[in-house]
Amino acid sequence: MTGTVFNIQNYSLHDGPGIRTVVFLKGCPLRCIWCSNPESQETYPQIYFDEAKCIHNKGCDMCSQICSYGAFSEGKLDHTKCINCGKCAKICPSKAVSIYGKTMSAEEIVDLVEQDRAFYRHGKGGLTLSGGEPFLQGEFALEILRLAKQHRISTAAETCGCCDTETPREAANLLDFIMFDVKMLDEQKHIRYTGGSNKVILKNLEMLFEEFPALHKRIRTPVIPTVNDNESDIAAIRDFLKGRENYTYELLPYHRVGQGKYKMLGRKYPELPERLDDSLFYRLKDLIE
């Protein structure tokens with residue numbers, strides 16, 4: 001079984017217990033305006049162009065010569081003409097043109113994760129599935145988890161919860177740990193800022209609490225300036241979680257790490273404040289502790 005992967009990150013300390021190997025699956029049903037991984041949103045491989053690496057000014061014109069669709073001209077890429085065929089990425093000598101996403105088999109992925117096994121021995125490290133939304137490629141994600149369990153590798157997943165209910169239900173039987181994002185409870189506000197309803201997200205979270213009480217759940221809320229950086233939104237999530245068992249709730253500070261990726265994909269970065277007010281963030285953290 002194969003699927004589309006856009007990154008595999010080794011030696012991660014922030015994506016579950018211990019040292020993790022994080023496998024990022026491509027595709028997400030949401031379009032959060034603060035998304036730091038825009039390359040994760042589409043399910044298909046995408047060409048990106050890093051103009052800083054381009055050597056067109058030194059006489060190279062290989063990309064425009066190989067492109068049949070006129071997407072390249074004078075060291076520039078017109079993404080509206082690009083069909084993501086990948087020919088330019090294969091021949092670019094400076095790696096200014098590359099591609100986000102490649103097809104891999106579940107066996108290939110678990111074999112790569114196995115190479116990091118030595119780092120898992122002294123702790124609770126292992127494999128973490130992330131995205132995008134890893135459960136969007138449902139059967140592929142489940143096959144990776146099954147194989148990891150056969151190899152006795154600890155498993156975790158990061159999800160936005162926006163997926164069919166049966167996939168996280170099956171996955172929960174194969175997971176040791178899950179990280180579940182809850183952006184806000186107000187549905188209309190959720191639609192406005194993420195492009196999708198939160199009804200199925202909250203339904204899936206309820207299912208995990210009710211059917212898998214032993215599975216530890218880390219509930220996370222990214223705090224975004226002008227979106228949910230207020231006591232009302234954070235307190236609503238805190239109160240929604242009250243009385244439940246075997247979970248932790250944490251706030252994630254806003255950052256603009258993915259800003260450069262938007263330009264490389266030919267997209268405009270969303271108009272959001274440069275930074276989150278630190279004192280406000282710590283006040284909100286106090287609210288949930």
# chains A, B, ... in the order shown; residues from 1 in each chain; ligands from 1
>>> closest_atom_pairs(of="range 101-148 of chain A", to="range 162-179 of chain A", cutoff="10 Å", atoms="only C-alpha atoms", output="JSON lines")
{"residue": "A:Lys124", "atom": "CA", "partner": "A:Asp176", "partner_atom": "CA", "distance": 9.7}
{"residue": "A:Gly126", "atom": "CA", "partner": "A:Asp176", "partner_atom": "CA", "distance": 9.8}
{"residue": "A:Leu127", "atom": "CA", "partner": "A:Leu175", "partner_atom": "CA", "distance": 9.9}
{"residue": "A:Thr128", "atom": "CA", "partner": "A:Ile178", "partner_atom": "CA", "distance": 9.0}
{"residue": "A:Leu129", "atom": "CA", "partner": "A:Ile178", "partner_atom": "CA", "distance": 9.5}
{"residue": "A:Ser130", "atom": "CA", "partner": "A:Met179", "partner_atom": "CA", "distance": 9.5}
{"residue": "A:Glu133", "atom": "CA", "partner": "A:Cys162", "partner_atom": "CA", "distance": 7.6}
{"residue": "A:Pro134", "atom": "CA", "partner": "A:Cys163", "partner_atom": "CA", "distance": 9.3}
{"residue": "A:Phe135", "atom": "CA", "partner": "A:Cys163", "partner_atom": "CA", "distance": 6.4}
{"residue": "A:Leu136", "atom": "CA", "partner": "A:Cys163", "partner_atom": "CA", "distance": 6.2}
{"residue": "A:Gln137", "atom": "CA", "partner": "A:Thr167", "partner_atom": "CA", "distance": 9.3}
{"residue": "A:Gly138", "atom": "CA", "partner": "A:Thr167", "partner_atom": "CA", "distance": 5.9}
{"residue": "A:Glu139", "atom": "CA", "partner": "A:Thr167", "partner_atom": "CA", "distance": 7.8}
{"residue": "A:Ala141", "atom": "CA", "partner": "A:Ala171", "partner_atom": "CA", "distance": 8.2}
{"residue": "A:Leu142", "atom": "CA", "partner": "A:Ala171", "partner_atom": "CA", "distance": 6.1}
{"residue": "A:Glu143", "atom": "CA", "partner": "A:Ala171", "partner_atom": "CA", "distance": 9.5}
{"residue": "A:Ile144", "atom": "CA", "partner": "A:Leu174", "partner_atom": "CA", "distance": 9.9}
{"residue": "A:Leu145", "atom": "CA", "partner": "A:Leu174", "partner_atom": "CA", "distance": 6.2}
{"residue": "A:Arg146", "atom": "CA", "partner": "A:Leu174", "partner_atom": "CA", "distance": 6.7}
{"residue": "A:Leu147", "atom": "CA", "partner": "A:Leu174", "partner_atom": "CA", "distance": 9.8}
{"residue": "A:Ala148", "atom": "CA", "partner": "A:Leu174", "partner_atom": "CA", "distance": 8.9}
>>> select_by_dssp(residues="range 6-233 of chain A", states="alpha helix (DSSP H)", output="ChimeraX atom specification")
/A:62-66,87-91,106-114,138-150,166-172,187-194,199-211,231-233
>>> atom_distance(atom1="CA of Cys54 in chain A", atom2="CA of Lys261 in chain A")
15.6 Å
>>> decode(residues="range 82-116 of chain A", atoms="N, CA, C and O atoms", output="mmCIF file, in the first residue's frame")
data_model
loop_
_atom_site.group_PDB
_atom_site.id
_atom_site.type_symbol
_atom_site.label_atom_id
_atom_site.label_comp_id
_atom_site.auth_asym_id
_atom_site.auth_seq_id
_atom_site.Cartn_x
_atom_site.Cartn_y
_atom_site.Cartn_z
ATOM 1 N N CYS A 82 1.945 25.751 -13.998
ATOM 2 C CA CYS A 82 2.651 24.532 -13.601
ATOM 3 C C CYS A 82 1.658 23.396 -13.365
ATOM 4 O O CYS A 82 0.629 23.572 -12.697
ATOM 5 N N ILE A 83 1.964 22.204 -13.874
ATOM 6 C CA ILE A 83 1.104 21.032 -13.656
ATOM 7 C C ILE A 83 1.754 20.044 -12.677
ATOM 8 O O ILE A 83 1.285 18.918 -12.528
ATOM 9 N N ASN A 84 2.827 20.468 -12.038
ATOM 10 C CA ASN A 84 3.518 19.641 -11.030
ATOM 11 C C ASN A 84 4.007 18.299 -11.582
ATOM 12 O O ASN A 84 3.967 17.285 -10.884
ATOM 13 N N CYS A 85 4.484 18.322 -12.825
ATOM 14 C CA CYS A 85 4.979 17.074 -13.419
ATOM 15 C C CYS A 85 6.316 16.647 -12.817
ATOM 16 O O CYS A 85 6.672 15.466 -12.842
ATOM 17 N N GLY A 86 7.099 17.604 -12.317
ATOM 18 C CA GLY A 86 8.353 17.279 -11.640
ATOM 19 C C GLY A 86 9.573 17.210 -12.525
ATOM 20 O O GLY A 86 10.678 16.964 -12.025
ATOM 21 N N LYS A 87 9.421 17.436 -13.821
ATOM 22 C CA LYS A 87 10.580 17.341 -14.719
ATOM 23 C C LYS A 87 11.659 18.368 -14.366
ATOM 24 O O LYS A 87 12.847 18.070 -14.385
ATOM 25 N N CYS A 88 11.239 19.578 -14.036
ATOM 26 C CA CYS A 88 12.192 20.634 -13.716
ATOM 27 C C CYS A 88 12.952 20.324 -12.431
ATOM 28 O O CYS A 88 14.152 20.617 -12.312
ATOM 29 N N ALA A 89 12.270 19.726 -11.482
ATOM 30 C CA ALA A 89 12.914 19.398 -10.205
ATOM 31 C C ALA A 89 14.022 18.379 -10.393
ATOM 32 O O ALA A 89 15.026 18.400 -9.674
ATOM 33 N N LYS A 90 13.835 17.492 -11.350
ATOM 34 C CA LYS A 90 14.828 16.437 -11.581
ATOM 35 C C LYS A 90 16.125 16.961 -12.182
ATOM 36 O O LYS A 90 17.189 16.367 -11.984
ATOM 37 N N ILE A 91 16.033 18.087 -12.919
ATOM 38 C CA ILE A 91 17.238 18.551 -13.629
ATOM 39 C C ILE A 91 17.830 19.839 -13.069
ATOM 40 O O ILE A 91 18.904 20.253 -13.508
ATOM 41 N N CYS A 92 17.162 20.466 -12.098
ATOM 42 C CA CYS A 92 17.656 21.751 -11.568
ATOM 43 C C CYS A 92 18.989 21.546 -10.850
ATOM 44 O O CYS A 92 19.068 20.850 -9.830
ATOM 45 N N PRO A 93 20.077 22.138 -11.336
ATOM 46 C CA PRO A 93 21.401 21.891 -10.750
ATOM 47 C C PRO A 93 21.603 22.534 -9.374
ATOM 48 O O PRO A 93 22.424 22.072 -8.585
ATOM 49 N N SER A 94 20.847 23.597 -9.074
ATOM 50 C CA SER A 94 21.036 24.290 -7.799
ATOM 51 C C SER A 94 19.977 23.923 -6.759
ATOM 52 O O SER A 94 19.990 24.469 -5.651
ATOM 53 N N LYS A 95 19.065 23.022 -7.147
ATOM 54 C CA LYS A 95 17.969 22.603 -6.249
ATOM 55 C C LYS A 95 17.058 23.769 -5.894
ATOM 56 O O LYS A 95 16.418 23.766 -4.850
ATOM 57 N N ALA A 96 17.004 24.774 -6.774
ATOM 58 C CA ALA A 96 16.063 25.868 -6.568
ATOM 59 C C ALA A 96 14.635 25.384 -6.797
ATOM 60 O O ALA A 96 13.688 25.893 -6.208
ATOM 61 N N VAL A 97 14.503 24.412 -7.675
ATOM 62 C CA VAL A 97 13.205 23.801 -7.942
ATOM 63 C C VAL A 97 13.199 22.418 -7.321
ATOM 64 O O VAL A 97 14.105 21.611 -7.549
ATOM 65 N N SER A 98 12.221 22.159 -6.533
ATOM 66 C CA SER A 98 12.092 20.830 -5.923
ATOM 67 C C SER A 98 10.613 20.510 -5.796
ATOM 68 O O SER A 98 9.764 21.250 -6.309
ATOM 69 N N ILE A 99 10.317 19.409 -5.133
ATOM 70 C CA ILE A 99 8.930 18.979 -5.080
ATOM 71 C C ILE A 99 8.568 18.557 -3.666
ATOM 72 O O ILE A 99 9.341 17.887 -2.986
ATOM 73 N N TYR A 100 7.419 19.025 -3.207
ATOM 74 C CA TYR A 100 6.875 18.626 -1.920
ATOM 75 C C TYR A 100 5.990 17.399 -2.146
ATOM 76 O O TYR A 100 4.953 17.502 -2.795
ATOM 77 N N GLY A 101 6.412 16.279 -1.620
ATOM 78 C CA GLY A 101 5.582 15.089 -1.692
ATOM 79 C C GLY A 101 6.124 14.031 -2.625
ATOM 80 O O GLY A 101 6.540 14.328 -3.746
ATOM 81 N N LYS A 102 6.131 12.796 -2.138
ATOM 82 C CA LYS A 102 6.500 11.672 -2.987
ATOM 83 C C LYS A 102 5.727 10.436 -2.548
ATOM 84 O O LYS A 102 5.286 10.319 -1.402
ATOM 85 N N THR A 103 5.572 9.515 -3.472
ATOM 86 C CA THR A 103 4.854 8.284 -3.180
ATOM 87 C C THR A 103 5.776 7.300 -2.485
ATOM 88 O O THR A 103 6.904 7.069 -2.946
ATOM 89 N N MET A 104 5.314 6.754 -1.378
ATOM 90 C CA MET A 104 6.074 5.753 -0.638
ATOM 91 C C MET A 104 5.137 4.635 -0.205
ATOM 92 O O MET A 104 3.929 4.836 -0.066
ATOM 93 N N SER A 105 5.710 3.469 0.035
ATOM 94 C CA SER A 105 4.912 2.365 0.563
ATOM 95 C C SER A 105 4.997 2.379 2.087
ATOM 96 O O SER A 105 5.941 2.931 2.679
ATOM 97 N N ALA A 106 4.017 1.761 2.708
ATOM 98 C CA ALA A 106 4.019 1.652 4.172
ATOM 99 C C ALA A 106 5.260 0.903 4.644
ATOM 100 O O ALA A 106 5.860 1.243 5.673
ATOM 101 N N GLU A 107 5.672 -0.115 3.883
ATOM 102 C CA GLU A 107 6.860 -0.898 4.252
ATOM 103 C C GLU A 107 8.124 -0.047 4.198
ATOM 104 O O GLU A 107 8.987 -0.138 5.081
ATOM 105 N N GLU A 108 8.240 0.798 3.173
ATOM 106 C CA GLU A 108 9.401 1.689 3.070
ATOM 107 C C GLU A 108 9.496 2.601 4.278
ATOM 108 O O GLU A 108 10.586 2.823 4.841
ATOM 109 N N ILE A 109 8.363 3.144 4.679
ATOM 110 C CA ILE A 109 8.341 4.081 5.801
ATOM 111 C C ILE A 109 8.759 3.405 7.093
ATOM 112 O O ILE A 109 9.613 3.911 7.839
ATOM 113 N N VAL A 110 8.187 2.240 7.364
ATOM 114 C CA VAL A 110 8.519 1.551 8.612
ATOM 115 C C VAL A 110 9.973 1.089 8.607
ATOM 116 O O VAL A 110 10.640 1.106 9.651
ATOM 117 N N ASP A 111 10.500 0.722 7.443
ATOM 118 C CA ASP A 111 11.917 0.366 7.364
ATOM 119 C C ASP A 111 12.804 1.557 7.728
ATOM 120 O O ASP A 111 13.830 1.396 8.411
ATOM 121 N N LEU A 112 12.408 2.763 7.285
ATOM 122 C CA LEU A 112 13.174 3.966 7.633
ATOM 123 C C LEU A 112 13.063 4.271 9.124
ATOM 124 O O LEU A 112 14.044 4.656 9.764
ATOM 125 N N VAL A 113 11.881 4.088 9.676
ATOM 126 C CA VAL A 113 11.691 4.318 11.105
ATOM 127 C C VAL A 113 12.520 3.337 11.923
ATOM 128 O O VAL A 113 13.106 3.690 12.952
ATOM 129 N N GLU A 114 12.610 2.121 11.443
ATOM 130 C CA GLU A 114 13.412 1.084 12.119
ATOM 131 C C GLU A 114 14.861 1.517 12.281
ATOM 132 O O GLU A 114 15.520 1.142 13.259
ATOM 133 N N GLN A 115 15.362 2.311 11.355
ATOM 134 C CA GLN A 115 16.760 2.736 11.421
ATOM 135 C C GLN A 115 17.041 3.620 12.631
ATOM 136 O O GLN A 115 18.188 3.786 13.035
ATOM 137 N N ASP A 116 15.983 4.195 13.200
ATOM 138 C CA ASP A 116 16.145 5.051 14.382
ATOM 139 C C ASP A 116 15.858 4.309 15.680
ATOM 140 O O ASP A 116 15.805 4.922 16.747
#
